[in-house]
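Enquirer: Okay, handing you the structure first.
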Amino acid sequence: MNKEAIESLLIHVIGTDVIVNEVRPIGGGNTSRAFAVKSSQGNFFIKTNRAGLVDMFEKEVKNLELLRKVLPSNTPEVVGYGTIDHVSYFILKLIEPGRRVADFWSDFGRTLSELHRVTGNTFGLEYDNYIGSLPQSNKQNSNWVDFFVNERIWPQAKKAEKVLGTEIVGMISKLSDRLPDLLTQSRPTLLHGDLWSGNFTLNQAGTVCLVDPATYYGNREIEIAFTKLFGGFEDEFYAAYSEVLPLDKGFFDTRADIYNLYPLLVHVNLFGGWYVASVRETLKRFV
């Protein structure tokens, strides 16, 4: 979108005259275009896509609203979403990062534990949403293993079946049969759902700001596992989190790898290639 189009969009959403002073494209997304915008009415983060994908933005708004109820200072503020001129849009107040606080990682761990203290009655959510650009089923279930198998592993495995091949799909089937003995039950906990190093930034206070959630109620171990997948967070994060919500040592040795099959399968469906080998290597540990 050019400057004039963004001005028109902001006037439409805010309901008052807006002068756009600066538009800066932001990379990193795999489906939407994103911009940082400075204007006479404040600074904004804007994502746009074709009108038919407005549901993705609607669900992102709902996800952020769930997080913001618990962590208002650690979640971006939504300005609006919708469609205009055959374009869907999603607008947040632009996050103005401050200088990182000295105990950032410890503070981050405590912040996440605050989110994970929010519990529900069932695993899943009242609505389906997305992880990245892929649909994420949140059909509610009182049994965590059943939810993990039926709403996390198999929807992604079936979508990637041709890429994975019959051998790997067969291994996933064998692992699914073993999961009641390998995974632990828990209370349903509110999760960010897609927590890795690319989905948080700094807020103005220099503490964590969570972005791009794929929210649902799940076993909190799956969230901690995901933080380990692409290099992991600093040790202080896990220590501070565990002071509030202790983690069983067996989780890091076995269950973390099982849980990370889900984001690995997501990455197979988004990017293919190297991630197929990662899925195979993980499965070989257990079947």
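Scheme for the structure tokens: letters A, B, ... for chains in order shown; per-chain residue numbers from 1; ligand numbers from 1 in order shown.
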Near segment 68-78 of chain A, counting only C-alpha atoms, which residues have an atom at most 9 Å away, once you skip same-chain residues fewer than 2 positions from it, shown as a ChimeraX atom specification?
Expert: /A:61,63-66,80-81,90-95,111,114-115,118,202-203,205,207-211
Enquirer: Please provide the set of residues having any atom within 10 Å of Gly82 of chain A, restricted to only C-alpha atoms, with same-chain residues fewer than 6 positions apart removed, written as a PDB file with N, CA, C and O atoms, in the first residue's frame.
Expert:
ATOM      1  N   VAL A  13     -10.676   3.785   9.633  1.00  0.00           N
ATOM      2  CA  VAL A  13     -10.695   3.045  10.900  1.00  0.00           C
ATOM      3  C   VAL A  13     -10.814   3.981  12.098  1.00  0.00           C
ATOM      4  O   VAL A  13     -11.600   3.734  13.024  1.00  0.00           O
ATOM      5  N   THR A  48      -1.697  -6.212   5.792  1.00  0.00           N
ATOM      6  CA  THR A  48      -2.735  -6.280   4.762  1.00  0.00           C
ATOM      7  C   THR A  48      -2.615  -7.580   3.984  1.00  0.00           C
ATOM      8  O   THR A  48      -1.550  -8.179   3.894  1.00  0.00           O
ATOM      9  N   ALA A  51      -8.855  -9.726   0.555  1.00  0.00           N
ATOM     10  CA  ALA A  51     -10.059  -9.650   1.382  1.00  0.00           C
ATOM     11  C   ALA A  51     -10.506 -11.013   1.903  1.00  0.00           C
ATOM     12  O   ALA A  51     -11.009 -11.123   3.024  1.00  0.00           O
ATOM     13  N   LEU A  53      -8.931 -13.333   3.138  1.00  0.00           N
ATOM     14  CA  LEU A  53      -8.178 -13.828   4.291  1.00  0.00           C
ATOM     15  C   LEU A  53      -8.433 -13.005   5.551  1.00  0.00           C
ATOM     16  O   LEU A  53      -7.673 -13.085   6.515  1.00  0.00           O
ATOM     17  N   VAL A  54      -9.511 -12.237   5.573  1.00  0.00           N
ATOM     18  CA  VAL A  54      -9.791 -11.412   6.750  1.00  0.00           C
ATOM     19  C   VAL A  54     -10.016 -12.261   7.992  1.00  0.00           C
ATOM     20  O   VAL A  54      -9.793 -11.809   9.122  1.00  0.00           O
ATOM     21  N   ASP A  55     -10.450 -13.518   7.811  1.00  0.00           N
ATOM     22  CA  ASP A  55     -10.655 -14.399   8.969  1.00  0.00           C
ATOM     23  C   ASP A  55      -9.369 -14.581   9.770  1.00  0.00           C
ATOM     24  O   ASP A  55      -9.405 -14.699  11.002  1.00  0.00           O
ATOM     25  N   PHE A  57      -7.105 -12.356  10.257  1.00  0.00           N
ATOM     26  CA  PHE A  57      -6.940 -11.171  11.083  1.00  0.00           C
ATOM     27  C   PHE A  57      -7.962 -11.138  12.219  1.00  0.00           C
ATOM     28  O   PHE A  57      -7.649 -10.722  13.331  1.00  0.00           O
ATOM     29  N   GLU A  58      -9.178 -11.585  11.933  1.00  0.00           N
ATOM     30  CA  GLU A  58     -10.187 -11.635  12.994  1.00  0.00           C
ATOM     31  C   GLU A  58      -9.733 -12.546  14.131  1.00  0.00           C
ATOM     32  O   GLU A  58      -9.858 -12.204  15.320  1.00  0.00           O
ATOM     33  N   SER A  88      -7.959  -6.894   2.980  1.00  0.00           N
ATOM     34  CA  SER A  88      -8.171  -7.070   4.411  1.00  0.00           C
ATOM     35  C   SER A  88      -7.016  -6.403   5.156  1.00  0.00           C
ATOM     36  O   SER A  88      -5.894  -6.314   4.654  1.00  0.00           O
ATOM     37  N   TYR A  89      -7.318  -5.912   6.354  1.00  0.00           N
ATOM     38  CA  TYR A  89      -6.306  -5.185   7.119  1.00  0.00           C
ATOM     39  C   TYR A  89      -6.412  -5.517   8.606  1.00  0.00           C
ATOM     40  O   TYR A  89      -7.457  -5.975   9.089  1.00  0.00           O
ATOM     41  N   PHE A  90      -5.335  -5.261   9.283  1.00  0.00           N
ATOM     42  CA  PHE A  90      -5.208  -5.513  10.723  1.00  0.00           C
ATOM     43  C   PHE A  90      -4.271  -4.444  11.265  1.00  0.00           C
ATOM     44  O   PHE A  90      -3.160  -4.279  10.752  1.00  0.00           O
ATOM     45  N   ILE A  91      -4.721  -3.678  12.252  1.00  0.00           N
ATOM     46  CA  ILE A  91      -3.956  -2.531  12.725  1.00  0.00           C
ATOM     47  C   ILE A  91      -3.747  -2.627  14.236  1.00  0.00           C
ATOM     48  O   ILE A  91      -4.701  -2.822  14.998  1.00  0.00           O
TER      49      ILE A  91
END
Enquirer: Please identify the alpha helix (DSSP H) residues within segment 128-195 of chain A (assignment by DSSP from backbone atoms) and present them as a PDB file with N, CA, C and O atoms, in the first residue's frame.
Expert:
ATOM      1  N   TRP A 144      -6.059 -34.497  27.289  1.00  0.00           N
ATOM      2  CA  TRP A 144      -4.960 -33.808  26.619  1.00  0.00           C
ATOM      3  C   TRP A 144      -4.327 -34.656  25.514  1.00  0.00           C
ATOM      4  O   TRP A 144      -4.046 -34.148  24.435  1.00  0.00           O
ATOM      5  N   VAL A 145      -4.081 -35.917  25.758  1.00  0.00           N
ATOM      6  CA  VAL A 145      -3.435 -36.759  24.749  1.00  0.00           C
ATOM      7  C   VAL A 145      -4.313 -36.850  23.505  1.00  0.00           C
ATOM      8  O   VAL A 145      -3.825 -36.733  22.370  1.00  0.00           O
ATOM      9  N   ASP A 146      -5.605 -37.049  23.701  1.00  0.00           N
ATOM     10  CA  ASP A 146      -6.515 -37.114  22.556  1.00  0.00           C
ATOM     11  C   ASP A 146      -6.496 -35.795  21.786  1.00  0.00           C
ATOM     12  O   ASP A 146      -6.510 -35.788  20.543  1.00  0.00           O
ATOM     13  N   PHE A 147      -6.488 -34.687  22.504  1.00  0.00           N
ATOM     14  CA  PHE A 147      -6.454 -33.388  21.832  1.00  0.00           C
ATOM     15  C   PHE A 147      -5.164 -33.224  21.038  1.00  0.00           C
ATOM     16  O   PHE A 147      -5.184 -32.800  19.878  1.00  0.00           O
ATOM     17  N   TRP A 154      -2.258 -34.996  13.854  1.00  0.00           N
ATOM     18  CA  TRP A 154      -2.794 -35.594  12.634  1.00  0.00           C
ATOM     19  C   TRP A 154      -3.285 -34.586  11.592  1.00  0.00           C
ATOM     20  O   TRP A 154      -3.097 -34.819  10.387  1.00  0.00           O
ATOM     21  N   PRO A 155      -3.880 -33.455  11.964  1.00  0.00           N
ATOM     22  CA  PRO A 155      -4.224 -32.499  10.902  1.00  0.00           C
ATOM     23  C   PRO A 155      -3.012 -32.049  10.092  1.00  0.00           C
ATOM     24  O   PRO A 155      -3.082 -31.925   8.862  1.00  0.00           O
ATOM     25  N   GLN A 156      -1.879 -31.849  10.758  1.00  0.00           N
ATOM     26  CA  GLN A 156      -0.670 -31.437  10.039  1.00  0.00           C
ATOM     27  C   GLN A 156      -0.052 -32.612   9.277  1.00  0.00           C
ATOM     28  O   GLN A 156       0.437 -32.453   8.151  1.00  0.00           O
ATOM     29  N   ALA A 157      -0.064 -33.796   9.885  1.00  0.00           N
ATOM     30  CA  ALA A 157       0.513 -34.968   9.225  1.00  0.00           C
ATOM     31  C   ALA A 157      -0.262 -35.314   7.956  1.00  0.00           C
ATOM     32  O   ALA A 157       0.332 -35.651   6.917  1.00  0.00           O
ATOM     33  N   LYS A 158      -1.585 -35.235   8.014  1.00  0.00           N
ATOM     34  CA  LYS A 158      -2.395 -35.551   6.831  1.00  0.00           C
ATOM     35  C   LYS A 158      -2.170 -34.526   5.732  1.00  0.00           C
ATOM     36  O   LYS A 158      -2.108 -34.866   4.553  1.00  0.00           O
ATOM     37  N   LYS A 159      -2.025 -33.265   6.120  1.00  0.00           N
ATOM     38  CA  LYS A 159      -1.782 -32.217   5.129  1.00  0.00           C
ATOM     39  C   LYS A 159      -0.430 -32.413   4.445  1.00  0.00           C
ATOM     40  O   LYS A 159      -0.259 -32.113   3.254  1.00  0.00           O
ATOM     41  N   GLU A 161       1.123 -35.351   4.070  1.00  0.00           N
ATOM     42  CA  GLU A 161       1.296 -36.782   3.815  1.00  0.00           C
ATOM     43  C   GLU A 161       2.156 -37.070   2.595  1.00  0.00           C
ATOM     44  O   GLU A 161       3.044 -37.928   2.622  1.00  0.00           O
ATOM     45  N   LYS A 162       1.950 -36.372   1.492  1.00  0.00           N
ATOM     46  CA  LYS A 162       2.715 -36.639   0.280  1.00  0.00           C
ATOM     47  C   LYS A 162       4.178 -36.276   0.447  1.00  0.00           C
ATOM     48  O   LYS A 162       5.068 -36.942  -0.106  1.00  0.00           O
ATOM     49  N   VAL A 163       4.442 -35.221   1.212  1.00  0.00           N
ATOM     50  CA  VAL A 163       5.829 -34.797   1.438  1.00  0.00           C
ATOM     51  C   VAL A 163       6.527 -35.736   2.410  1.00  0.00           C
ATOM     52  O   VAL A 163       7.701 -36.092   2.229  1.00  0.00           O
ATOM     53  N   LEU A 164       5.814 -36.170   3.427  1.00  0.00           N
ATOM     54  CA  LEU A 164       6.410 -37.033   4.453  1.00  0.00           C
ATOM     55  C   LEU A 164       6.673 -38.437   3.926  1.00  0.00           C
ATOM     56  O   LEU A 164       7.696 -39.049   4.257  1.00  0.00           O
ATOM     57  N   THR A 166       4.997 -42.539   3.117  1.00  0.00           N
ATOM     58  CA  THR A 166       4.267 -43.542   3.891  1.00  0.00           C
ATOM     59  C   THR A 166       5.048 -44.027   5.111  1.00  0.00           C
ATOM     60  O   THR A 166       4.454 -44.347   6.146  1.00  0.00           O
ATOM     61  N   GLU A 167       6.389 -44.076   5.017  1.00  0.00           N
ATOM     62  CA  GLU A 167       7.175 -44.552   6.156  1.00  0.00           C
ATOM     63  C   GLU A 167       6.998 -43.630   7.356  1.00  0.00           C
ATOM     64  O   GLU A 167       6.736 -44.102   8.482  1.00  0.00           O
ATOM     65  N   ILE A 168       7.156 -42.336   7.162  1.00  0.00           N
ATOM     66  CA  ILE A 168       7.052 -41.390   8.278  1.00  0.00           C
ATOM     67  C   ILE A 168       5.625 -41.335   8.805  1.00  0.00           C
ATOM     68  O   ILE A 168       5.401 -41.296  10.022  1.00  0.00           O
ATOM     69  N   VAL A 169       4.639 -41.343   7.922  1.00  0.00           N
ATOM     70  CA  VAL A 169       3.251 -41.338   8.377  1.00  0.00           C
ATOM     71  C   VAL A 169       2.971 -42.579   9.220  1.00  0.00           C
ATOM     72  O   VAL A 169       2.282 -42.505  10.250  1.00  0.00           O
ATOM     73  N   GLY A 170       3.527 -43.718   8.828  1.00  0.00           N
ATOM     74  CA  GLY A 170       3.375 -44.927   9.631  1.00  0.00           C
ATOM     75  C   GLY A 170       4.028 -44.801  10.998  1.00  0.00           C
ATOM     76  O   GLY A 170       3.488 -45.288  12.006  1.00  0.00           O
ATOM     77  N   MET A 171       5.166 -44.142  11.052  1.00  0.00           N
ATOM     78  CA  MET A 171       5.839 -43.912  12.330  1.00  0.00           C
ATOM     79  C   MET A 171       5.004 -42.995  13.225  1.00  0.00           C
ATOM     80  O   MET A 171       4.930 -43.195  14.452  1.00  0.00           O
ATOM     81  N   ILE A 172       4.368 -41.991  12.636  1.00  0.00           N
ATOM     82  CA  ILE A 172       3.496 -41.102  13.404  1.00  0.00           C
ATOM     83  C   ILE A 172       2.327 -41.893  13.984  1.00  0.00           C
ATOM     84  O   ILE A 172       1.929 -41.681  15.140  1.00  0.00           O
ATOM     85  N   SER A 173       1.786 -42.826  13.203  1.00  0.00           N
ATOM     86  CA  SER A 173       0.687 -43.653  13.689  1.00  0.00           C
ATOM     87  C   SER A 173       1.126 -44.513  14.877  1.00  0.00           C
ATOM     88  O   SER A 173       0.409 -44.616  15.884  1.00  0.00           O
ATOM     89  N   LYS A 174       2.317 -45.090  14.783  1.00  0.00           N
ATOM     90  CA  LYS A 174       2.825 -45.909  15.894  1.00  0.00           C
ATOM     91  C   LYS A 174       3.068 -45.061  17.136  1.00  0.00           C
ATOM     92  O   LYS A 174       2.750 -45.476  18.256  1.00  0.00           O
ATOM     93  N   LEU A 175       3.618 -43.861  16.941  1.00  0.00           N
ATOM     94  CA  LEU A 175       3.847 -42.984  18.092  1.00  0.00           C
ATOM     95  C   LEU A 175       2.526 -42.568  18.723  1.00  0.00           C
ATOM     96  O   LEU A 175       2.410 -42.524  19.957  1.00  0.00           O
ATOM     97  N   SER A 176       1.524 -42.289  17.912  1.00  0.00           N
ATOM     98  CA  SER A 176       0.222 -41.885  18.447  1.00  0.00           C
ATOM     99  C   SER A 176      -0.331 -42.934  19.395  1.00  0.00           C
ATOM    100  O   SER A 176      -0.919 -42.610  20.435  1.00  0.00           O
ATOM    101  N   ASP A 177      -0.139 -44.200  19.056  1.00  0.00           N
ATOM    102  CA  ASP A 177      -0.623 -45.289  19.912  1.00  0.00           C
ATOM    103  C   ASP A 177       0.132 -45.326  21.241  1.00  0.00           C
ATOM    104  O   ASP A 177      -0.415 -45.792  22.253  1.00  0.00           O
ATOM    105  N   ARG A 178       1.385 -44.850  21.255  1.00  0.00           N
ATOM    106  CA  ARG A 178       2.197 -44.893  22.469  1.00  0.00           C
ATOM    107  C   ARG A 178       2.009 -43.670  23.368  1.00  0.00           C
ATOM    108  O   ARG A 178       2.423 -43.687  24.538  1.00  0.00           O
ATOM    109  N   LEU A 179       1.426 -42.605  22.845  1.00  0.00           N
ATOM    110  CA  LEU A 179       1.411 -41.337  23.574  1.00  0.00           C
ATOM    111  C   LEU A 179       0.707 -41.378  24.933  1.00  0.00           C
ATOM    112  O   LEU A 179       1.131 -40.663  25.850  1.00  0.00           O
ATOM    113  N   PRO A 180      -0.353 -42.186  25.128  1.00  0.00           N
ATOM    114  CA  PRO A 180      -0.939 -42.232  26.479  1.00  0.00           C
ATOM    115  C   PRO A 180       0.063 -42.643  27.553  1.00  0.00           C
ATOM    116  O   PRO A 180      -0.088 -42.268  28.728  1.00  0.00           O
ATOM    117  N   ASP A 181       1.094 -43.409  27.175  1.00  0.00           N
ATOM    118  CA  ASP A 181       2.113 -43.831  28.135  1.00  0.00           C
ATOM    119  C   ASP A 181       3.287 -42.855  28.217  1.00  0.00           C
ATOM    120  O   ASP A 181       4.065 -42.911  29.173  1.00  0.00           O
ATOM    121  N   LEU A 182       3.423 -41.974  27.228  1.00  0.00           N
ATOM    122  CA  LEU A 182       4.580 -41.077  27.174  1.00  0.00           C
ATOM    123  C   LEU A 182       4.282 -39.663  27.665  1.00  0.00           C
ATOM    124  O   LEU A 182       5.182 -38.982  28.157  1.00  0.00           O
TER     125      LEU A 182
END
Enquirer: Write out as a PDB file with all heavy atoms, in the first residue's frame the residues lying within 10 Å of Arg50 of chain A, counting only C-alpha atoms and excluding same-chain residues fewer than 4 positions away.
Expert:
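Below is the file that was written, around-v3.pdb:
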ATOM      1  N   THR A  31       2.817 -14.505   4.505  1.00  0.00           N
ATOM      2  CA  THR A  31       1.568 -14.369   3.753  1.00  0.00           C
ATOM      3  C   THR A  31       1.152 -12.914   3.581  1.00  0.00           C
ATOM      4  O   THR A  31       0.637 -12.554   2.526  1.00  0.00           O
ATOM      5  CB  THR A  31       0.411 -15.118   4.447  1.00  0.00           C
ATOM      6  OG1 THR A  31       0.256 -14.632   5.788  1.00  0.00           O
ATOM      7  CG2 THR A  31       0.696 -16.615   4.491  1.00  0.00           C
ATOM      8  N   SER A  32       1.313 -12.089   4.589  1.00  0.00           N
ATOM      9  CA  SER A  32       0.796 -10.723   4.576  1.00  0.00           C
ATOM     10  C   SER A  32       1.901  -9.704   4.375  1.00  0.00           C
ATOM     11  O   SER A  32       3.073  -9.957   4.649  1.00  0.00           O
ATOM     12  CB  SER A  32       0.063 -10.416   5.894  1.00  0.00           C
ATOM     13  OG  SER A  32      -1.002 -11.311   6.102  1.00  0.00           O
ATOM     14  N   VAL A  54      -9.511 -12.237   5.573  1.00  0.00           N
ATOM     15  CA  VAL A  54      -9.791 -11.412   6.750  1.00  0.00           C
ATOM     16  C   VAL A  54     -10.016 -12.261   7.992  1.00  0.00           C
ATOM     17  O   VAL A  54      -9.793 -11.809   9.122  1.00  0.00           O
ATOM     18  CB  VAL A  54     -11.001 -10.488   6.485  1.00  0.00           C
ATOM     19  CG1 VAL A  54     -12.295 -11.296   6.384  1.00  0.00           C
ATOM     20  CG2 VAL A  54     -11.108  -9.414   7.562  1.00  0.00           C
ATOM     21  N   THR A  83     -12.127  -5.184   6.151  1.00  0.00           N
ATOM     22  CA  THR A  83     -11.815  -5.144   4.731  1.00  0.00           C
ATOM     23  C   THR A  83     -12.189  -3.778   4.168  1.00  0.00           C
ATOM     24  O   THR A  83     -13.139  -3.142   4.629  1.00  0.00           O
ATOM     25  CB  THR A  83     -12.575  -6.231   3.948  1.00  0.00           C
ATOM     26  OG1 THR A  83     -13.989  -6.042   4.122  1.00  0.00           O
ATOM     27  CG2 THR A  83     -12.194  -7.615   4.417  1.00  0.00           C
ATOM     28  N   ILE A  84     -11.447  -3.350   3.160  1.00  0.00           N
ATOM     29  CA  ILE A  84     -11.722  -2.100   2.457  1.00  0.00           C
ATOM     30  C   ILE A  84     -11.111  -2.209   1.058  1.00  0.00           C
ATOM     31  O   ILE A  84      -9.956  -2.638   0.920  1.00  0.00           O
ATOM     32  CB  ILE A  84     -11.152  -0.880   3.219  1.00  0.00           C
ATOM     33  CG1 ILE A  84     -11.533   0.426   2.521  1.00  0.00           C
ATOM     34  CG2 ILE A  84      -9.658  -0.988   3.417  1.00  0.00           C
ATOM     35  CD1 ILE A  84     -11.153   1.680   3.321  1.00  0.00           C
ATOM     36  N   ASP A  85     -11.899  -1.899   0.056  1.00  0.00           N
ATOM     37  CA  ASP A  85     -11.411  -1.913  -1.328  1.00  0.00           C
ATOM     38  C   ASP A  85     -10.723  -3.229  -1.684  1.00  0.00           C
ATOM     39  O   ASP A  85      -9.611  -3.251  -2.218  1.00  0.00           O
ATOM     40  CB  ASP A  85     -10.448  -0.736  -1.566  1.00  0.00           C
ATOM     41  CG  ASP A  85     -11.128   0.616  -1.400  1.00  0.00           C
ATOM     42  OD1 ASP A  85     -12.353   0.686  -1.645  1.00  0.00           O
ATOM     43  OD2 ASP A  85     -10.446   1.577  -1.028  1.00  0.00           O
ATOM     44  N   HIS A  86     -11.372  -4.348  -1.353  1.00  0.00           N
ATOM     45  CA  HIS A  86     -10.881  -5.694  -1.696  1.00  0.00           C
ATOM     46  C   HIS A  86      -9.576  -6.060  -0.970  1.00  0.00           C
ATOM     47  O   HIS A  86      -8.858  -6.966  -1.392  1.00  0.00           O
ATOM     48  CB  HIS A  86     -10.676  -5.834  -3.211  1.00  0.00           C
ATOM     49  CG  HIS A  86     -11.868  -5.425  -4.017  1.00  0.00           C
ATOM     50  ND1 HIS A  86     -13.043  -6.136  -3.986  1.00  0.00           N
ATOM     51  CD2 HIS A  86     -12.062  -4.373  -4.856  1.00  0.00           C
ATOM     52  CE1 HIS A  86     -13.923  -5.552  -4.785  1.00  0.00           C
ATOM     53  NE2 HIS A  86     -13.360  -4.483  -5.313  1.00  0.00           N
ATOM     54  N   VAL A  87      -9.286  -5.359   0.107  1.00  0.00           N
ATOM     55  CA  VAL A  87      -8.088  -5.639   0.898  1.00  0.00           C
ATOM     56  C   VAL A  87      -8.507  -5.858   2.349  1.00  0.00           C
ATOM     57  O   VAL A  87      -9.341  -5.116   2.884  1.00  0.00           O
ATOM     58  CB  VAL A  87      -7.086  -4.463   0.824  1.00  0.00           C
ATOM     59  CG1 VAL A  87      -5.922  -4.671   1.790  1.00  0.00           C
ATOM     60  CG2 VAL A  87      -6.575  -4.300  -0.597  1.00  0.00           C
ATOM     61  N   SER A  88      -7.959  -6.894   2.980  1.00  0.00           N
ATOM     62  CA  SER A  88      -8.171  -7.070   4.411  1.00  0.00           C
ATOM     63  C   SER A  88      -7.016  -6.403   5.156  1.00  0.00           C
ATOM     64  O   SER A  88      -5.894  -6.314   4.654  1.00  0.00           O
ATOM     65  CB  SER A  88      -8.250  -8.549   4.785  1.00  0.00           C
ATOM     66  OG  SER A  88      -7.060  -9.234   4.467  1.00  0.00           O
ATOM     67  N   TYR A  89      -7.318  -5.912   6.354  1.00  0.00           N
ATOM     68  CA  TYR A  89      -6.306  -5.185   7.119  1.00  0.00           C
ATOM     69  C   TYR A  89      -6.412  -5.517   8.606  1.00  0.00           C
ATOM     70  O   TYR A  89      -7.457  -5.975   9.089  1.00  0.00           O
ATOM     71  CB  TYR A  89      -6.452  -3.675   6.920  1.00  0.00           C
ATOM     72  CG  TYR A  89      -7.770  -3.124   7.438  1.00  0.00           C
ATOM     73  CD1 TYR A  89      -7.946  -2.766   8.782  1.00  0.00           C
ATOM     74  CD2 TYR A  89      -8.856  -2.969   6.583  1.00  0.00           C
ATOM     75  CE1 TYR A  89      -9.155  -2.285   9.249  1.00  0.00           C
ATOM     76  CE2 TYR A  89     -10.074  -2.487   7.041  1.00  0.00           C
ATOM     77  CZ  TYR A  89     -10.216  -2.147   8.378  1.00  0.00           C
ATOM     78  OH  TYR A  89     -11.423  -1.673   8.845  1.00  0.00           O
TER      79      TYR A  89
END
Enquirer: For segment 180-255 of chain A against segment 128-141 of chain A, with a cut-off of 9 Å and counting only C-alpha atoms, what is the closest atom pair and its distance in Å to one decimal for every residue that makes the cut, ordered by chain and number, as JSON lines?
Expert:
{"residue": "A:Gly193", "atom": "CA", "partner": "A:Ile131", "partner_atom": "CA", "distance": 7.9}
{"residue": "A:Asp194", "atom": "CA", "partner": "A:Ile131", "partner_atom": "CA", "distance": 6.9}
{"residue": "A:Asp212", "atom": "CA", "partner": "A:Gly132", "partner_atom": "CA", "distance": 8.0}
{"residue": "A:Pro213", "atom": "CA", "partner": "A:Ile131", "partner_atom": "CA", "distance": 7.8}
{"residue": "A:Ala214", "atom": "CA", "partner": "A:Ile131", "partner_atom": "CA", "distance": 5.3}
{"residue": "A:Thr215", "atom": "CA", "partner": "A:Asn129", "partner_atom": "CA", "distance": 7.8}
{"residue": "A:Tyr216", "atom": "CA", "partner": "A:Asn138", "partner_atom": "CA", "distance": 7.0}
{"residue": "A:Tyr217", "atom": "CA", "partner": "A:Asn138", "partner_atom": "CA", "distance": 8.7}
